[in-house]
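Here the structure comes first, spelled out in structure tokens, and everything after it is commentary.
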Amino acid sequence: MKAKGRVPPQLALCHGCKQFVRPEEYTCPHCHDDIAMAAVRNRDRMERVTQATEELQRLLDQLGLTR
Amino acid sequence: MASIDSGRRLTEDDWTSPFPAHAVWEITLACDLECNHCGSRAKRRRPDELSTEECLDVVAQLAALGCREVTLIGGEAYLRKDWTTLIRAVADAGMIPGVQTGARNLTEARVREAAEAGLRVIGVSIDGLAETHDAIRGVEGSFDKAIEALETCKRYGMELSVNTQIHSGILEELPALLDRFIEIGIATWQIQLTVAMGRAADNDALLVQPYELLEIYPVLFALWEKAKVHGIDLIPGNNIGYFGPYEHAWRGQSEYSHFKGCNAGLNTLGIEADGTIKGCPSLPTAPYAGGNIRDLSLERIWNESDALAFNRTRTTADLWGRCEGCYYADVCRAGCSWTTHTLFGRTGNNPYCHYRAMKLAEEGLRERVVKVKSAPGVPFDFGGFELIEERIADGAEVKRIAATPTPATVGHPRLVMLA
Ligand code: SF4
Ligand SMILES: [Zn+2]
């Protein structure tokens with residue numbers, strides 16, 4: 001009879017050091033950052049990147065440099 | 001036929017109800033190269049390779065088991081006269097046919113024939129720039145032939161992939177190789193570490209040492225970033241890793257993508273040219289042959305053989321050495337079974353690990369492997385290695401671990417025909 005496989009455990013990412021941690025962790029065992037705070041900082045950073053990219057795209061469009 | 005992408009994605013059901021989503025099939029051991037890292041020691045065809053009729057029956061059985069993609073390898077797949085018959089049969093059965101090749105004699109005529117038969121994915125093995133590649137492949141001019149084959153396949157609309165082994169002489173050549181691949185326009189670049197199997201066990205100077213991963217992986221990550229900009233997906237093979245700061249990026253570019261353990265017998269299947277079935281094409285034959293297609297149906301071998309079920313039933317109890325008690329133990333389970341079994345005659349302890357090398361370095365330590373036993377000289381064989389833990393500062397040996405295979409970990413009885 002075929003043995004059932006296991007669904008491998010899903011880890012979470014610490015945005016402080018970009019290493020995987022167990023989902024139940026509050027503090028990263030690798031960089032000792034607060035995992036939730038690191039995620040918030042990362043989200044803010046990503047939002048700024050998105051805004052800057054959109055602004056750059058707008059300027060390029062204005063200058064007629066978009067292909 | 002399934003799209004290439006959707007055929008490769010694994011769902012939760014794929015994990016809980018193992019089936020051979022991807023089969024890698026050595027259709028002949030005949031080869032026109034003589035690579036000095038070849039795990040199967042390919043050269044001459046096996047005396048008892050499956051006939052065309054038997055192969056077509058295998059194709060039908062694979063399709064019936066839900067297989068999505070079949071990669072034909074060798075030896076050199078195109079040295080079988082019926083290789084395009086098999087490609088066509090795989091495509092007609094609704095699966096994605098692929099071919100992995102050294103491409104020494106992959107002429108335009110052969111490429112055309114394969115494209116007409118439905119070949120959509122071609123993987124060419126390239127292990128360095130011309131001089132290095134030719135030395136490893138044992139044939140002068142084989143690098144140029146491989147590049148030429150990629151260009152030809154591109155003209156015939158195939159998705160191009162390159163497989164490269166990380167051996168001891170390649171690191172400095174990788175950036176120039178990537179530039180070449182960007183020019184050609186390949187889609188994927190699959191990287192794996194050379195493993196101590198077959199001729200690579202004979203030529204063990206080709207193996208990188210575990211502590212060298214700390215130098216190699218930052219280079220690979222920089223290449224991964226550059227490749228991405230140019231639309232090339234650099235895919236780490238199953239023995240590249242594990243964890244560490246690059247894992248989230250190169251294992252799939254998401255917060256949720258990380259190594260999830262050896263796939264053998266879960267959704268991967270290996271077939272040798274004589275019909276021997278294994279959970280992964282790379283695994284050593286003796287301990288992992290689950291049975292032969294001439295004796296039993298593929299379904300029975302897949303469902304009933306212990307040799308194929310080892311990843312379905314194993315726990316962290318078989319981990320040893322530094323993998324035992326590792327933070328990632330239950331996710332990773334010591335990584336690639338092929339890499340570990342060929343070193344130590346058993347799975348469960350993998351020094352080729354980025355996370356582990358980083359942790360060791362924090363303690364001022366590093367690991368290296370030393371060959372203590374030669375391989376017997378048959379296809380998919382292995383020798384024996386000891387694992388040395390030493391101080392980085394002065395090289396003083398701290399610990400030496402000899403593998404001690406136990407009957408439970410050495411292998412599994414193969415299924416044979418029951419009366
Ligand atoms: S030490 Fe072993 S179990 Fe831990 S991540 Fe590395 S290979 Fe996996
Ligand atoms: Zn962290």
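Chain labels run A, B, ... following the order of the structure tokens; each chain numbers its residues from 1, and ligands are numbered from 1 in the order shown.
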
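Selecting chain B residues within 7 Å of chain A and counting only C-alpha atoms yields Glu12, Trp15, Thr16, Ser17, Pro18, Phe243, Gly244, Pro245, Glu255, Tyr256, Lys260, Leu266, Asn303, Glu304, Ala309, Arg312, Thr313 and Val331 of chain B.
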
Determine, counting only C-alpha atoms, which protein, DNA and RNA residues have an atom within 8 Å of an atom of B:Gly66; residues of the same chain fewer than 5 positions away are not included. Present the result as a PyMOL selection string.
-> chain B and resi 19-21

Emit the selected residues as a PDB file, in the first residue's frame, including C-alpha atoms.
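Wrote it out as part_7.pdb, contents follow:
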ATOM      1  CA  PHE B  19       2.930  10.419  -7.649  1.00  0.00           C
ATOM      2  CA  PRO B  20       5.689  10.654 -10.247  1.00  0.00           C
ATOM      3  CA  ALA B  21       5.062  14.190 -11.503  1.00  0.00           C
TER       4      ALA B  21
END

DSSP strand (DSSP E or B) selection over chain A, as a ChimeraX atom specification = /A:12-14,19-21,27,34

Shell of 7 Å around ligand 1 (only C-alpha atoms and all ligand atoms), written as number ranges by chain | B: 242-243, 322-324, 326-329, 332-335, 349-356

Output C-alpha atoms for every residue in the selection just made, as a PDB file, in the first residue's frame.
ATOM      1  CA  TYR B 242      20.416  24.940   2.384  1.00  0.00           C
ATOM      2  CA  PHE B 243      18.729  27.987   3.902  1.00  0.00           C
ATOM      3  CA  ARG B 322      25.409  18.038  12.735  1.00  0.00           C
ATOM      4  CA  CYS B 323      22.065  17.530  10.958  1.00  0.00           C
ATOM      5  CA  GLU B 324      20.685  15.858  14.072  1.00  0.00           C
ATOM      6  CA  CYS B 326      19.603  21.270  13.418  1.00  0.00           C
ATOM      7  CA  TYR B 327      17.130  24.171  13.518  1.00  0.00           C
ATOM      8  CA  TYR B 328      15.814  23.118  10.090  1.00  0.00           C
ATOM      9  CA  ALA B 329      15.977  19.350  10.680  1.00  0.00           C
ATOM     10  CA  CYS B 332      15.271  19.718   5.371  1.00  0.00           C
ATOM     11  CA  ARG B 333      15.982  16.195   6.603  1.00  0.00           C
ATOM     12  CA  ALA B 334      19.612  16.534   5.565  1.00  0.00           C
ATOM     13  CA  GLY B 335      18.935  17.653   2.028  1.00  0.00           C
ATOM     14  CA  ASN B 349      24.124  13.988   7.550  1.00  0.00           C
ATOM     15  CA  ASN B 350      24.932  16.564   4.907  1.00  0.00           C
ATOM     16  CA  PRO B 351      28.029  18.753   5.206  1.00  0.00           C
ATOM     17  CA  TYR B 352      27.204  20.465   1.880  1.00  0.00           C
ATOM     18  CA  CYS B 353      24.970  22.979   3.618  1.00  0.00           C
ATOM     19  CA  HIS B 354      25.260  26.755   3.610  1.00  0.00           C
ATOM     20  CA  TYR B 355      23.535  27.242   6.967  1.00  0.00           C
ATOM     21  CA  ARG B 356      25.760  24.635   8.540  1.00  0.00           C
TER      22      ARG B 356
END

Alpha helix (DSSP H) residues, from DSSP on the backbone, in stretch 266-366 of chain B, as a CSV table (one decimal) with all heavy atoms, in the first residue's frame:
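Result saved to part17.csv:
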chain,number,residue,atom,x,y,z
B,285,THR,N,22.3,2.9,-7.6
B,285,THR,CA,21.4,1.8,-8.0
B,285,THR,C,21.2,0.8,-6.9
B,285,THR,O,20.1,0.4,-6.5
B,285,THR,CB,21.9,1.1,-9.3
B,285,THR,OG1,22.1,2.1,-10.3
B,285,THR,CG2,20.9,0.1,-9.8
B,286,ALA,N,22.3,0.3,-6.4
B,286,ALA,CA,22.2,-0.9,-5.5
B,286,ALA,C,21.3,-0.6,-4.3
B,286,ALA,O,20.3,-1.4,-4.1
B,286,ALA,CB,23.6,-1.2,-5.0
B,287,PRO,N,21.4,0.4,-3.6
B,287,PRO,CA,20.5,0.6,-2.4
B,287,PRO,C,19.1,1.1,-2.7
B,287,PRO,O,18.2,1.1,-1.9
B,287,PRO,CB,21.2,1.6,-1.5
B,287,PRO,CG,22.2,2.2,-2.3
B,287,PRO,CD,22.4,1.5,-3.6
B,288,TYR,N,18.9,1.7,-3.9
B,288,TYR,CA,17.6,2.4,-4.2
B,288,TYR,C,16.8,1.8,-5.4
B,288,TYR,O,15.9,2.5,-5.8
B,288,TYR,CB,17.9,3.9,-4.4
B,288,TYR,CG,18.4,4.6,-3.1
B,288,TYR,CD1,19.7,4.8,-2.9
B,288,TYR,CD2,17.4,5.0,-2.2
B,288,TYR,CE1,20.1,5.4,-1.7
B,288,TYR,CE2,17.8,5.6,-1.0
B,288,TYR,CZ,19.2,5.8,-0.8
B,288,TYR,OH,19.6,6.4,0.4
B,298,LEU,N,4.7,-0.4,-13.2
B,298,LEU,CA,5.3,0.8,-12.5
B,298,LEU,C,4.4,1.2,-11.3
B,298,LEU,O,5.0,1.6,-10.3
B,298,LEU,CB,5.3,1.9,-13.6
B,298,LEU,CG,6.0,3.2,-13.2
B,298,LEU,CD1,7.4,3.0,-12.8
B,298,LEU,CD2,5.9,4.2,-14.3
B,299,GLU,N,3.1,1.0,-11.4
B,299,GLU,CA,2.2,1.4,-10.3
B,299,GLU,C,2.6,0.6,-9.1
B,299,GLU,O,2.7,1.1,-8.0
B,299,GLU,CB,0.8,1.1,-10.7
B,299,GLU,CG,-0.2,1.6,-9.7
B,299,GLU,CD,-1.6,1.3,-10.1
B,299,GLU,OE1,-1.9,0.6,-11.1
B,299,GLU,OE2,-2.5,1.8,-9.4
B,300,ARG,N,2.8,-0.7,-9.3
B,300,ARG,CA,3.2,-1.5,-8.1
B,300,ARG,C,4.5,-1.1,-7.5
B,300,ARG,O,4.7,-1.0,-6.3
B,300,ARG,CB,3.2,-3.0,-8.4
B,300,ARG,CG,1.8,-3.6,-8.5
B,300,ARG,CD,1.8,-5.1,-8.4
B,300,ARG,NE,2.3,-5.6,-7.1
B,300,ARG,CZ,2.5,-6.9,-6.8
B,300,ARG,NH1,2.3,-7.8,-7.7
B,300,ARG,NH2,3.0,-7.2,-5.6
B,301,ILE,N,5.5,-0.9,-8.4
B,301,ILE,CA,6.8,-0.5,-7.8
B,301,ILE,C,6.7,0.8,-7.1
B,301,ILE,O,7.2,1.0,-6.0
B,301,ILE,CB,7.8,-0.4,-9.0
B,301,ILE,CG1,8.0,-1.8,-9.6
B,301,ILE,CG2,9.2,0.1,-8.4
B,301,ILE,CD1,8.9,-1.8,-10.9
B,302,TRP,N,6.0,1.8,-7.7
B,302,TRP,CA,5.8,3.1,-7.1
B,302,TRP,C,5.1,3.0,-5.7
B,302,TRP,O,5.5,3.6,-4.7
B,302,TRP,CB,5.0,4.0,-8.0
B,302,TRP,CG,4.8,5.4,-7.4
B,302,TRP,CD1,3.7,5.8,-6.8
B,302,TRP,CD2,5.7,6.5,-7.4
B,302,TRP,NE1,3.9,7.1,-6.4
B,302,TRP,CE2,5.1,7.5,-6.8
B,302,TRP,CE3,7.0,6.6,-7.9
B,302,TRP,CZ2,5.8,8.8,-6.6
B,302,TRP,CZ3,7.7,7.8,-7.7
B,302,TRP,CH2,7.0,8.9,-7.0
B,303,ASN,N,4.0,2.2,-5.7
B,303,ASN,CA,3.2,2.1,-4.5
B,303,ASN,C,3.7,1.2,-3.4
B,303,ASN,O,3.5,1.4,-2.2
B,303,ASN,CB,1.8,1.6,-4.8
B,303,ASN,CG,1.0,2.7,-5.5
B,303,ASN,OD1,1.3,3.9,-5.4
B,303,ASN,ND2,0.0,2.3,-6.3
B,304,GLU,N,4.5,0.1,-3.8
B,304,GLU,CA,4.8,-0.9,-2.8
B,304,GLU,C,6.2,-1.1,-2.5
B,304,GLU,O,6.6,-1.7,-1.5
B,304,GLU,CB,4.3,-2.3,-3.4
B,304,GLU,CG,2.8,-2.3,-3.5
B,304,GLU,CD,2.3,-3.6,-4.2
B,304,GLU,OE1,2.9,-4.7,-4.0
B,304,GLU,OE2,1.2,-3.6,-4.8
B,306,ASP,N,9.7,-0.4,-0.9
B,306,ASP,CA,10.3,0.4,0.2
B,306,ASP,C,11.4,1.4,-0.3
B,306,ASP,O,11.6,2.5,0.2
B,306,ASP,CB,10.9,-0.5,1.3
B,306,ASP,CG,9.9,-1.2,2.1
B,306,ASP,OD1,8.7,-0.8,2.0
B,306,ASP,OD2,10.3,-2.2,2.7
B,307,ALA,N,12.1,1.0,-1.3
B,307,ALA,CA,13.2,1.8,-1.9
B,307,ALA,C,12.6,3.1,-2.5
B,307,ALA,O,13.4,4.1,-2.5
B,307,ALA,CB,13.9,1.0,-2.9
B,308,LEU,N,11.4,3.1,-2.9
B,308,LEU,CA,10.8,4.3,-3.4
B,308,LEU,C,10.1,5.1,-2.3
B,308,LEU,O,9.9,6.3,-2.5
B,308,LEU,CB,9.9,4.1,-4.6
B,308,LEU,CG,10.6,4.1,-6.0
B,308,LEU,CD1,11.4,2.9,-6.2
B,308,LEU,CD2,9.6,4.3,-7.1
B,309,ALA,N,9.7,4.4,-1.3
B,309,ALA,CA,8.9,5.1,-0.2
B,309,ALA,C,9.7,5.7,0.9
B,309,ALA,O,9.2,6.2,1.8
B,309,ALA,CB,7.9,4.0,0.4
B,310,PHE,N,11.1,5.6,0.8
B,310,PHE,CA,11.9,6.0,1.9
B,310,PHE,C,11.6,7.4,2.4
B,310,PHE,O,11.7,7.7,3.6
B,310,PHE,CB,13.4,5.7,1.7
B,310,PHE,CG,14.1,6.7,0.8
B,310,PHE,CD1,14.8,7.7,1.3
B,310,PHE,CD2,14.0,6.6,-0.6
B,310,PHE,CE1,15.5,8.6,0.5
B,310,PHE,CE2,14.6,7.4,-1.4
B,310,PHE,CZ,15.4,8.5,-0.9
B,311,ASN,N,11.3,8.3,1.4
B,311,ASN,CA,11.1,9.7,1.8
B,311,ASN,C,9.6,9.9,2.3
B,311,ASN,O,9.3,11.0,2.9
B,311,ASN,CB,11.3,10.6,0.6
B,311,ASN,CG,12.7,11.2,0.6
B,311,ASN,OD1,13.3,11.4,1.6
B,311,ASN,ND2,13.2,11.4,-0.6
B,312,ARG,N,8.8,9.0,2.1
B,312,ARG,CA,7.4,9.1,2.5
B,312,ARG,C,7.3,8.7,4.0
B,312,ARG,O,6.4,9.2,4.7
B,312,ARG,CB,6.4,8.2,1.7
B,312,ARG,CG,6.5,8.5,0.2
B,312,ARG,CD,5.7,7.5,-0.6
B,312,ARG,NE,6.2,7.4,-2.0
B,312,ARG,CZ,6.1,6.4,-2.8
B,312,ARG,NH1,5.4,5.3,-2.4
B,312,ARG,NH2,6.6,6.4,-4.0
B,313,THR,N,8.1,7.8,4.4
B,313,THR,CA,8.0,7.3,5.8
B,313,THR,C,9.0,7.8,6.7
B,313,THR,O,8.9,7.6,7.9
B,313,THR,CB,8.1,5.7,5.7
B,313,THR,OG1,9.3,5.4,5.0
B,313,THR,CG2,6.9,5.1,5.0
B,329,ALA,N,15.9,20.8,10.9
B,329,ALA,CA,16.0,19.3,10.7
B,329,ALA,C,14.7,18.8,10.1
B,329,ALA,O,14.7,18.0,9.1
B,329,ALA,CB,16.3,18.7,12.0
B,330,ASP,N,13.5,19.1,10.6
B,330,ASP,CA,12.3,18.5,10.1
B,330,ASP,C,11.8,19.0,8.8
B,330,ASP,O,11.0,18.4,8.1
B,330,ASP,CB,11.2,18.6,11.2
B,330,ASP,CG,10.8,20.0,11.4
B,330,ASP,OD1,11.6,20.9,11.2
B,330,ASP,OD2,9.6,20.3,11.8
B,331,VAL,N,12.3,20.1,8.3
B,331,VAL,CA,12.0,20.6,7.0
B,331,VAL,C,13.0,20.0,6.0
B,331,VAL,O,12.5,19.5,4.9
B,331,VAL,CB,12.1,22.2,7.0
B,331,VAL,CG1,11.6,22.7,5.6
B,331,VAL,CG2,11.5,22.8,8.1
B,332,CYS,N,14.2,20.0,6.3
B,332,CYS,CA,15.3,19.7,5.4
B,332,CYS,C,15.6,18.2,5.3
B,332,CYS,O,15.9,17.7,4.3
B,332,CYS,CB,16.5,20.5,5.8
B,332,CYS,SG,18.0,20.2,4.9
B,337,SER,N,19.5,13.2,-0.8
B,337,SER,CA,19.9,11.9,-0.4
B,337,SER,C,21.1,11.3,-1.3
B,337,SER,O,21.9,10.6,-0.8
B,337,SER,CB,18.7,10.9,-0.6
B,337,SER,OG,17.6,11.4,0.1
B,338,TRP,N,21.1,11.7,-2.5
B,338,TRP,CA,22.1,11.3,-3.5
B,338,TRP,C,23.5,11.8,-3.0
B,338,TRP,O,24.5,11.0,-2.9
B,338,TRP,CB,21.8,11.9,-4.8
B,338,TRP,CG,22.8,11.8,-5.9
B,338,TRP,CD1,23.6,10.8,-6.2
B,338,TRP,CD2,23.1,12.9,-6.8
B,338,TRP,NE1,24.4,11.1,-7.3
B,338,TRP,CE2,24.1,12.4,-7.7
B,338,TRP,CE3,22.7,14.2,-7.0
B,338,TRP,CZ2,24.6,13.2,-8.7
B,338,TRP,CZ3,23.2,15.0,-8.1
B,338,TRP,CH2,24.2,14.4,-8.9
B,339,THR,N,23.6,13.0,-2.6
B,339,THR,CA,24.8,13.6,-2.1
B,339,THR,C,25.3,12.9,-0.9
B,339,THR,O,26.5,12.6,-0.8
B,339,THR,CB,24.6,15.1,-1.8
B,339,THR,OG1,24.1,15.8,-3.0
B,339,THR,CG2,25.9,15.8,-1.4
B,340,THR,N,24.4,12.7,0.1
B,340,THR,CA,24.9,12.1,1.4
B,340,THR,C,25.2,10.6,1.3
B,340,THR,O,26.2,10.1,1.8
B,340,THR,CB,23.8,12.4,2.5
B,340,THR,OG1,22.6,12.0,2.0
B,340,THR,CG2,23.8,13.8,2.8
B,341,HIS,N,24.3,9.9,0.5
B,341,HIS,CA,24.5,8.4,0.5
B,341,HIS,C,25.8,8.1,-0.2
B,341,HIS,O,26.5,7.1,0.2
B,341,HIS,CB,23.3,7.7,-0.2
B,341,HIS,CG,23.2,6.3,0.2
B,341,HIS,ND1,22.2,5.7,0.8
B,341,HIS,CD2,24.1,5.3,0.0
B,341,HIS,CE1,22.4,4.4,1.0
B,341,HIS,NE2,23.6,4.1,0.5
B,342,THR,N,26.2,8.8,-1.3
B,342,THR,CA,27.4,8.5,-2.0
B,342,THR,C,28.6,8.9,-1.2
B,342,THR,O,29.7,8.3,-1.5
B,342,THR,CB,27.4,9.3,-3.4
B,342,THR,OG1,27.1,10.6,-3.1
B,342,THR,CG2,26.4,8.7,-4.3
B,343,LEU,N,28.5,9.8,-0.2
B,343,LEU,CA,29.7,10.1,0.6
B,343,LEU,C,29.8,9.1,1.7
B,343,LEU,O,30.9,8.5,1.9
B,343,LEU,CB,29.5,11.5,1.3
B,343,LEU,CG,29.7,12.7,0.4
B,343,LEU,CD1,29.2,13.9,1.2
B,343,LEU,CD2,31.1,12.8,-0.1
B,344,PHE,N,28.7,8.8,2.4
B,344,PHE,CA,28.8,8.1,3.7
B,344,PHE,C,28.1,6.8,3.7
B,344,PHE,O,28.0,6.1,4.8
B,344,PHE,CB,28.3,9.0,4.8
B,344,PHE,CG,28.9,10.4,4.9
B,344,PHE,CD1,28.1,11.5,4.9
B,344,PHE,CD2,30.2,10.5,4.9
B,344,PHE,CE1,28.6,12.8,4.9
B,344,PHE,CE2,30.8,11.8,5.0
B,344,PHE,CZ,30.0,12.9,5.0
B,354,HIS,N,24.8,25.4,3.4
B,354,HIS,CA,25.3,26.8,3.6
B,354,HIS,C,25.1,27.2,5.1
B,354,HIS,O,25.9,27.7,5.7
B,354,HIS,CB,24.4,27.7,2.7
B,354,HIS,CG,25.0,29.0,2.6
B,354,HIS,ND1,24.3,30.1,2.0
B,354,HIS,CD2,26.2,29.6,2.9
B,354,HIS,CE1,25.0,31.2,2.1
B,354,HIS,NE2,26.2,30.9,2.6
B,355,TYR,N,23.9,26.9,5.6
B,355,TYR,CA,23.5,27.2,7.0
B,355,TYR,C,24.6,26.6,7.9
B,355,TYR,O,25.1,27.3,8.8
B,355,TYR,CB,22.1,26.8,7.3
B,355,TYR,CG,21.7,26.9,8.7
B,355,TYR,CD1,21.5,28.2,9.3
B,355,TYR,CD2,21.5,25.8,9.5
B,355,TYR,CE1,21.2,28.3,10.6
B,355,TYR,CE2,21.1,25.9,10.9
B,355,TYR,CZ,21.0,27.2,11.4
B,355,TYR,OH,20.6,27.3,12.7
B,356,ARG,N,24.8,25.4,7.7
B,356,ARG,CA,25.8,24.6,8.5
B,356,ARG,C,27.2,25.2,8.4
B,356,ARG,O,27.9,25.4,9.5
B,356,ARG,CB,25.7,23.2,8.1
B,356,ARG,CG,26.7,22.3,8.7
B,356,ARG,CD,26.2,20.8,8.5
B,356,ARG,NE,27.2,19.9,8.6
B,356,ARG,CZ,27.0,18.5,8.7
B,356,ARG,NH1,25.7,18.1,8.7
B,356,ARG,NH2,28.0,17.7,8.8
B,357,ALA,N,27.6,25.5,7.2
B,357,ALA,CA,29.0,26.1,7.1
B,357,ALA,C,29.1,27.4,7.8
B,357,ALA,O,30.1,27.8,8.3
B,357,ALA,CB,29.3,26.2,5.6
B,358,MET,N,28.0,28.2,7.7
B,358,MET,CA,28.0,29.5,8.4
B,358,MET,C,28.0,29.3,9.9
B,358,MET,O,28.8,30.0,10.6
B,358,MET,CB,26.7,30.3,8.0
B,358,MET,CG,26.6,30.8,6.6
B,358,MET,SD,25.3,32.0,6.3
B,358,MET,CE,23.9,31.3,7.0
B,359,LYS,N,27.3,28.4,10.4
B,359,LYS,CA,27.3,28.1,11.9
B,359,LYS,C,28.6,27.6,12.3
B,359,LYS,O,29.2,28.1,13.4
B,359,LYS,CB,26.2,27.1,12.3
B,359,LYS,CG,24.8,27.5,12.0
B,359,LYS,CD,24.3,28.6,12.9
B,359,LYS,CE,23.9,28.1,14.3
B,359,LYS,NZ,23.4,29.2,15.1
B,360,LEU,N,29.2,26.8,11.6
B,360,LEU,CA,30.5,26.2,11.9
B,360,LEU,C,31.6,27.4,11.9
B,360,LEU,O,32.4,27.5,12.8
B,360,LEU,CB,31.0,25.2,10.9
B,360,LEU,CG,30.4,23.8,11.1
B,360,LEU,CD1,30.5,22.9,9.9
B,360,LEU,CD2,31.1,23.1,12.3
B,361,ALA,N,31.5,28.2,10.9
B,361,ALA,CA,32.5,29.3,10.8
B,361,ALA,C,32.3,30.3,12.0
B,361,ALA,O,33.3,30.8,12.5
B,361,ALA,CB,32.2,30.1,9.5
B,362,GLU,N,31.1,30.4,12.5
B,362,GLU,CA,30.9,31.2,13.8
B,362,GLU,C,31.7,30.6,14.9
B,362,GLU,O,32.1,31.3,15.8
B,362,GLU,CB,29.4,31.3,14.1
B,362,GLU,CG,28.6,32.3,13.3
B,362,GLU,CD,27.1,32.2,13.5
B,362,GLU,OE1,26.7,31.6,14.6
B,362,GLU,OE2,26.4,32.7,12.7

Computed interatomic separation between atom CA of A:Glu55 and atom CA of A:Asn42 (Å) |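 Distance reported for this atom pair: 19.9 Å.
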
Identify, on the basis of only C-alpha atoms, every residue whose closest approach to A:Ala36 does not exceed 10 Å; exclude the query and any residue fewer than 4 positions from it along the same chain; express the result as a PyMOL selection string.
-> chain A and resi 14-16+25-28+40-42

Kindly give the distance, in Å, that separates atom CA of B:Asn267 and atom CA of B:Ser125, rounded to a single decimal.
->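 For atom CA of B:Asn267 relative to atom CA of B:Ser125, the distance reads 23.3 Å.
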
Choose the residue, out of A:His32, A:Leu65, A:Met46, A:Ala39, that has the smallest atom-to-atom separation from ligand 2; count only C-alpha atoms and all ligand atoms.
->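 Closest to ligand 2 of all the choices is A:His32.
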
Got a sec: who's within 8 Å of B:Val372, counting only C-alpha atoms, leaving out chain neighbours fewer than 2 positions off, as a PyMOL selection string?
-> chain B and resi 370+374+383-386

May I have the selected residues written with all heavy atoms, as an mmCIF file, in the first residue's frame?
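Wrote it out as again.cif, contents follow:
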data_model
loop_
_atom_site.group_PDB
_atom_site.id
_atom_site.type_symbol
_atom_site.label_atom_id
_atom_site.label_comp_id
_atom_site.auth_asym_id
_atom_site.auth_seq_id
_atom_site.Cartn_x
_atom_site.Cartn_y
_atom_site.Cartn_z
ATOM 1 N N VAL B 370 37.131 13.477 2.965
ATOM 2 C CA VAL B 370 38.333 12.809 2.471
ATOM 3 C C VAL B 370 37.961 11.394 2.023
ATOM 4 O O VAL B 370 37.317 10.654 2.777
ATOM 5 C CB VAL B 370 39.398 12.676 3.590
ATOM 6 C CG1 VAL B 370 40.675 12.065 3.032
ATOM 7 C CG2 VAL B 370 39.676 14.009 4.227
ATOM 8 N N SER B 374 37.563 3.472 -2.501
ATOM 9 C CA SER B 374 37.245 3.703 -3.911
ATOM 10 C C SER B 374 35.911 3.061 -4.269
ATOM 11 O O SER B 374 35.472 2.099 -3.630
ATOM 12 C CB SER B 374 38.332 3.100 -4.803
ATOM 13 O OG SER B 374 39.541 3.764 -4.538
ATOM 14 N N GLY B 383 31.979 5.319 -3.439
ATOM 15 C CA GLY B 383 33.039 4.809 -2.566
ATOM 16 C C GLY B 383 32.707 5.138 -1.120
ATOM 17 O O GLY B 383 31.582 4.925 -0.669
ATOM 18 N N GLY B 384 33.688 5.653 -0.387
ATOM 19 C CA GLY B 384 33.433 6.015 1.005
ATOM 20 C C GLY B 384 34.273 7.225 1.391
ATOM 21 O O GLY B 384 35.409 7.377 0.933
ATOM 22 N N PHE B 385 33.699 8.081 2.192
ATOM 23 C CA PHE B 385 34.383 9.314 2.609
ATOM 24 C C PHE B 385 34.284 9.464 4.125
ATOM 25 O O PHE B 385 33.319 9.025 4.747
ATOM 26 C CB PHE B 385 33.747 10.544 1.945
ATOM 27 C CG PHE B 385 34.120 10.695 0.496
ATOM 28 C CD1 PHE B 385 33.558 9.863 -0.471
ATOM 29 C CD2 PHE B 385 35.052 11.642 0.091
ATOM 30 C CE1 PHE B 385 33.894 9.980 -1.806
ATOM 31 C CE2 PHE B 385 35.402 11.766 -1.250
ATOM 32 C CZ PHE B 385 34.822 10.941 -2.209
ATOM 33 N N GLU B 386 35.323 10.079 4.673
ATOM 34 C CA GLU B 386 35.254 10.489 6.072
ATOM 35 C C GLU B 386 35.025 11.993 6.123
ATOM 36 O O GLU B 386 35.410 12.720 5.194
ATOM 37 C CB GLU B 386 36.546 10.117 6.803
ATOM 38 C CG GLU B 386 36.618 8.633 7.103
ATOM 39 C CD GLU B 386 37.851 8.233 7.878
ATOM 40 O OE1 GLU B 386 38.777 9.063 8.064
ATOM 41 O OE2 GLU B 386 37.903 7.056 8.270
#
